[in-house]
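J.: Okay, here's the structure, questions in a sec.
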Number of protein chains: 2
Amino acid sequence: MGERTGALGLRERKKRATRAALAEAAVRLAAARGAENVTVEAISAEVGVSPRTFFNYFEHRDDAFVMIDSDAGRRVRSAVVAAPARLSPLEAVRDALAAELADVEDRHELWRLRAEVLQQAPHLLVRSLGAHMADERGLAEAVAQRLGEPAGDSVGLYPRLVAATAGTAVRVAIEHWSAASSEAFLPIFHSAFAQLAAGLPASPPTTGARPADH
Amino acid sequence: MGERTGALGLRERKKRATRAALAEAAVRLAAARGAENVTVEAISAEVGVSPRTFFNYFEHRDDAFVMIDSDAGRRVRSAVVAAPARLSPLEAVRDALAAELADVEDRHELWRLRAEVLQQAPHLLVRSLGAHMADERGLAEAVAQRLGEPAGDSVGLYPRLVAATAGTAVRVAIEHWSAASSEAFLPIFHSAFAQLAAGLPASPPTTGARPADH
DNA sequence: ATTAATTTTGCATGTTCTGCATTTTTTCAT
DNA sequence: ATGAAAAAATGCAGAACATGCAAAATTAAT
């Protein structure tokens with residue numbers, strides 16, 4: 001257990017590499033022949049491991065397409081709680097998510113490919129949502145904590161709404177970004193949150209990126 | 001196809017009854033022993049049909065827990081397009097959804113039971129979302145059409161955001177309602193949309209209160 | 001009652017996913 | 001380095017999900 005932070009053992013590194021390889025193979029195969037026609041056997045063969053090993057890394061086949069960072073949720077929660085008091089709950093959540101989503105810009109090719117796959121297979125997009133939704137409850141609690149509400153299993157409507165709406169905004173931003181391939185992600189992201197903060201008025205504000213029209 | 005509204009043939013009625021029976025059996029069994037431990041065989045046996053018949057009614061086993069009304073989406077879309085021009089897009093969507101959700105109040109026992117099952121099984125909640133999300137794209141197009149945007153596959157960010165956010169509000173309202181068992185659903189629903197229209201400000205209006213507008 | 005249409009069902013088959021025992025690889029202490 | 005311990009990969013068996021096809025049963029229409 002003497003793993004030093006930042007210096008991972010060979011074993012752990014190999015594990016992560018295998019997991020990443022399986023996820024990437026899954027996404028690429030799905031992009032090529034459609035997610036429905038990608039069997040666990042094919043993914044495993046692509047990486048060079050046994051089908052049984054696949055299930056050592058992913059509970060469900062579809063999880064390989066989604067790529068969940070289980071640490072992201074925790075980071076977002078603590079960032080929300082620790083955010084400056086002057087920020088509104090929505091702003092605090094927005095900034096916490098923005099910090100996390102820097103990764104999207106960096107590895108944007110992989111993300112775009114994944115987004116493309118998810119678009120064509122609704123049930124996968126849905127599963128991706130599920131991953132985020134496990135966080136949603138915790139995020140709602142973080143918002144409640146930030147507001148001084150007592151920590152309990154019964155969170156108020158408002159924290160729930162902020163958490164869920166923010167997650168939805170992220171999803172919509174990613175979907176829209178992956179559809180309109182010429183725009184950068186961050187402006188879209190901020191535009192979405194600006195419109196939310198404005199109460200989704202009839203005339204969308206010209207914030208950041210102008211409302212893309214045709 | 002010559003079915004008159006309200007006067008359905010015996011055949012159609014039997015089909016609907018079977019489908020409803022399967023869905024109800026699925027939910028009840030899930031509430032009793034946990035959704036994971038409910039096999040298709042068990043559901044079918046409960047209703048008295050063969051397992052093969054189950055799959056004539058539901059593509060996937062989990063669909064039996066969700067209860068999708070495939071007509072609802074269409075009704076909501078046309079209601080959004082036909083809504084008075086003075087209403088903002090969010091208001092139009094809100095009212096269209098409200099009309100549809102009257103059913104929740106009526107059969108509230110079944111809905112509460114279902115919500116309970118979904119809460120305990122995240123992947124089912126996620127699938128339920130998926131059902132709504134199939135509608136979401138169409139709803140976004142309806143909003144775009146309402147705004148005069150040309151109908152195409154590339155809908156702007158704003159219509160997407162309105163559609164997705166509204167759907168999220170519905171989900172959160174149902175979740176919160178099923179958690180706080182003493183409140184009526186409609187006030188929660190309207191409170192959620194009021195907070196959305198206000199831009200999710202730092203100080204939430206008294207949650208659970210009466211609908212602010214209308 | 002006969003005929004046609006629809007639904008239900010059984011059977012075969014492929015895929016997903018799990019449990020368990022075995023083999024292989026990595027790690028650690030000597 | 002070498003051998004023991006820990007962890008991961010694998011093979012195999014089996015349950016459950018899901019689909020296609022054809023036969024049997026039920027319903028509708030003449």
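Quick note on naming: the chains in the structure tokens go A, B, ... in the order shown, residues restart at 1 in each chain, and ligands are numbered from 1 in order of appearance.
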How close is chain A to chain B in C-alpha RMSD after a least-squares fit, all Cα atoms in order?

T.: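 My reading of the C-alpha RMSD is 2.9 Å.
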
J.: Give as an MDAnalysis selection string every residue of chain C that touches chain A within 12 Å, counting only C-alpha atoms (C1' of nucleotides).

T.: chainID C and resid 14:19 25:28

J.: Residues of chain D within 12 Å of chain B, counting only C-alpha atoms (C1' of nucleotides), what are they? List them as a list of chain:residue names.

T.: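 Per the criterion, chain D yields D:DA15, D:DA16, D:DC17, D:DA18, D:DT19, D:DG20, D:DT26, D:DT27, D:DA28.
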
J.: Keeping only N, CA and C atoms (P, O5', C5', C4', C3', O3' and C1' of nucleotides), write the selected residues as a compact mmCIF listing (two decimals), in the first residue's frame.

T.:
# COMPACT_ATOMS: atom_id res chain seq x y z
P DA D 15 -28.17 -22.68 -14.45
O5' DA D 15 -28.89 -21.29 -14.12
C5' DA D 15 -28.44 -20.50 -13.03
C4' DA D 15 -28.62 -19.03 -13.36
C3' DA D 15 -30.00 -18.69 -13.95
O3' DA D 15 -30.54 -17.58 -13.26
C1' DA D 15 -28.28 -17.88 -15.36
P DA D 16 -32.09 -17.17 -13.49
O5' DA D 16 -31.99 -15.93 -14.48
C5' DA D 16 -31.30 -14.76 -14.06
C4' DA D 16 -31.16 -13.82 -15.23
C3' DA D 16 -32.48 -13.56 -15.99
O3' DA D 16 -32.72 -12.16 -16.02
C1' DA D 16 -30.72 -14.15 -17.47
P DC D 17 -33.97 -11.59 -16.84
O5' DC D 17 -33.26 -11.06 -18.16
C5' DC D 17 -32.21 -10.13 -18.05
C4' DC D 17 -31.64 -9.81 -19.42
C3' DC D 17 -32.66 -9.25 -20.42
O3' DC D 17 -32.06 -8.16 -21.11
C1' DC D 17 -31.59 -11.12 -21.34
P DA D 18 -33.08 -7.10 -21.88
O5' DA D 18 -33.20 -7.74 -23.33
C5' DA D 18 -32.07 -7.70 -24.18
C4' DA D 18 -32.31 -8.55 -25.42
C3' DA D 18 -33.63 -8.29 -26.16
O3' DA D 18 -33.31 -7.65 -27.39
C1' DA D 18 -33.05 -10.60 -26.08
P DT D 19 -34.47 -7.26 -28.42
O5' DT D 19 -34.37 -8.44 -29.49
C5' DT D 19 -33.10 -8.78 -30.01
C4' DT D 19 -33.25 -9.87 -31.07
C3' DT D 19 -34.50 -9.73 -31.94
O3' DT D 19 -34.11 -9.92 -33.30
C1' DT D 19 -34.44 -11.88 -30.97
P DG D 20 -35.16 -9.57 -34.48
O5' DG D 20 -35.28 -10.96 -35.25
C5' DG D 20 -34.10 -11.74 -35.45
C4' DG D 20 -34.48 -13.12 -35.95
C3' DG D 20 -35.69 -13.15 -36.88
O3' DG D 20 -35.44 -14.04 -37.96
C1' DG D 20 -36.07 -14.56 -35.01
P DT D 26 -57.15 -20.58 -26.77
O5' DT D 26 -57.56 -19.10 -27.19
C5' DT D 26 -56.65 -18.03 -26.94
C4' DT D 26 -56.96 -16.86 -27.85
C3' DT D 26 -58.45 -16.47 -27.89
O3' DT D 26 -58.59 -15.16 -27.40
C1' DT D 26 -57.48 -16.50 -30.06
P DT D 27 -60.07 -14.52 -27.11
O5' DT D 27 -60.27 -13.54 -28.35
C5' DT D 27 -59.24 -12.58 -28.66
C4' DT D 27 -59.48 -11.99 -30.03
C3' DT D 27 -60.91 -11.48 -30.27
O3' DT D 27 -60.87 -10.11 -30.64
C1' DT D 27 -60.18 -12.83 -32.07
P DA D 28 -62.24 -9.27 -30.81
O5' DA D 28 -62.34 -9.19 -32.39
C5' DA D 28 -61.23 -8.71 -33.13
C4' DA D 28 -61.51 -8.79 -34.63
C3' DA D 28 -62.88 -8.25 -35.05
O3' DA D 28 -62.72 -7.38 -36.16
C1' DA D 28 -62.59 -10.47 -35.84

J.: Provide the CA of Ala115 (chain A) to CA of Asp63 (chain A) distance in Å, to one decimal place.

T.: 14.1 Å

J.: Among the residues of region 60-121 of chain B, find those DSSP assigns to alpha helix (DSSP H) from the backbone and print them as a PyMOL selection string.

T.: chain B and resi 63-66+70-82+89-100+102-106+108-120

J.: Grab the residues selected above and save them as a PDB file, in the first residue's frame with C-alpha atoms.

T.:
ATOM      1  CA  ASP B  63     -38.782  -0.696 -19.830  1.00  0.00           C
ATOM      2  CA  ALA B  64     -41.483  -2.427 -17.853  1.00  0.00           C
ATOM      3  CA  PHE B  65     -40.557  -0.397 -14.780  1.00  0.00           C
ATOM      4  CA  VAL B  66     -40.660   2.938 -16.516  1.00  0.00           C
ATOM      5  CA  SER B  70     -45.514   7.341 -26.354  1.00  0.00           C
ATOM      6  CA  ASP B  71     -48.357   9.695 -27.177  1.00  0.00           C
ATOM      7  CA  ALA B  72     -47.435  12.186 -24.483  1.00  0.00           C
ATOM      8  CA  GLY B  73     -44.447  13.519 -26.379  1.00  0.00           C
ATOM      9  CA  ARG B  74     -46.509  14.267 -29.432  1.00  0.00           C
ATOM     10  CA  ARG B  75     -49.202  15.999 -27.431  1.00  0.00           C
ATOM     11  CA  VAL B  76     -46.631  18.144 -25.631  1.00  0.00           C
ATOM     12  CA  ARG B  77     -44.943  19.142 -28.864  1.00  0.00           C
ATOM     13  CA  SER B  78     -48.110  20.288 -30.566  1.00  0.00           C
ATOM     14  CA  ALA B  79     -49.216  22.095 -27.414  1.00  0.00           C
ATOM     15  CA  VAL B  80     -45.928  23.991 -27.357  1.00  0.00           C
ATOM     16  CA  VAL B  81     -46.264  25.028 -30.968  1.00  0.00           C
ATOM     17  CA  ALA B  82     -49.885  26.028 -30.537  1.00  0.00           C
ATOM     18  CA  PRO B  89     -40.881  29.415 -24.494  1.00  0.00           C
ATOM     19  CA  LEU B  90     -40.314  28.170 -20.969  1.00  0.00           C
ATOM     20  CA  GLU B  91     -43.870  29.039 -19.994  1.00  0.00           C
ATOM     21  CA  ALA B  92     -45.256  27.329 -23.060  1.00  0.00           C
ATOM     22  CA  VAL B  93     -43.339  24.168 -22.261  1.00  0.00           C
ATOM     23  CA  ARG B  94     -44.319  24.376 -18.614  1.00  0.00           C
ATOM     24  CA  ASP B  95     -48.011  24.584 -19.388  1.00  0.00           C
ATOM     25  CA  ALA B  96     -47.811  21.789 -21.944  1.00  0.00           C
ATOM     26  CA  LEU B  97     -46.131  19.543 -19.400  1.00  0.00           C
ATOM     27  CA  ALA B  98     -48.518  20.526 -16.647  1.00  0.00           C
ATOM     28  CA  ALA B  99     -51.468  19.422 -18.734  1.00  0.00           C
ATOM     29  CA  GLU B 100     -49.800  16.088 -19.286  1.00  0.00           C
ATOM     30  CA  ALA B 102     -52.403  15.747 -14.391  1.00  0.00           C
ATOM     31  CA  ASP B 103     -52.127  11.986 -14.608  1.00  0.00           C
ATOM     32  CA  VAL B 104     -49.552  12.055 -11.836  1.00  0.00           C
ATOM     33  CA  GLU B 105     -52.027  13.493  -9.387  1.00  0.00           C
ATOM     34  CA  ASP B 106     -54.708  11.032 -10.370  1.00  0.00           C
ATOM     35  CA  HIS B 108     -50.442   9.203  -7.486  1.00  0.00           C
ATOM     36  CA  GLU B 109     -50.116   5.928  -5.605  1.00  0.00           C
ATOM     37  CA  LEU B 110     -48.710   4.156  -8.645  1.00  0.00           C
ATOM     38  CA  TRP B 111     -46.417   7.065  -9.444  1.00  0.00           C
ATOM     39  CA  ARG B 112     -45.106   7.238  -5.923  1.00  0.00           C
ATOM     40  CA  LEU B 113     -44.397   3.554  -5.911  1.00  0.00           C
ATOM     41  CA  ARG B 114     -42.631   3.839  -9.216  1.00  0.00           C
ATOM     42  CA  ALA B 115     -40.612   6.827  -8.056  1.00  0.00           C
ATOM     43  CA  GLU B 116     -39.584   4.821  -5.005  1.00  0.00           C
ATOM     44  CA  VAL B 117     -38.371   1.954  -7.150  1.00  0.00           C
ATOM     45  CA  LEU B 118     -36.512   4.260  -9.482  1.00  0.00           C
ATOM     46  CA  GLN B 119     -34.832   6.052  -6.603  1.00  0.00           C
ATOM     47  CA  GLN B 120     -33.376   2.809  -5.322  1.00  0.00           C
TER      48      GLN B 120
END

J.: Enter the distance from CA of Ala202 (chain B) to CA of Ser88 (chain A), in Å, rounded to one decimal.

T.: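 About the pair CA of Ala202 (chain B) and CA of Ser88 (chain A): they are 5.2 Å apart.
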
J.: From the set B:Asn37, B:Asn56, B:Ser182, B:Ser154, which residue has the shortest atom-to-atom contact distance to chain A, counting only C-alpha atoms?

T.: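 When distances to chain A are compared using only C-alpha atoms, the smallest one comes from B:Ser154.
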
J.: Which is closer to chain A than all the others in B:Val47, B:Ala198, B:Ile188, B:Ala31, using only C-alpha atoms?

T.: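 Among the listed residues, B:Ala198 lies closest to chain A.
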
J.: Which is closest to chain B among A:Ala20, A:Ala197, A:Leu124, A:Ala166, if we use only C-alpha atoms?

T.: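 The answer is A:Ala197, which sits nearest to chain B.
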
J.: Out of B:Leu200, B:Ala35, B:Leu186, B:Val27, which residue has the shortest atom-to-atom distance to chain A when counting only C-alpha atoms?

T.: B:Leu200
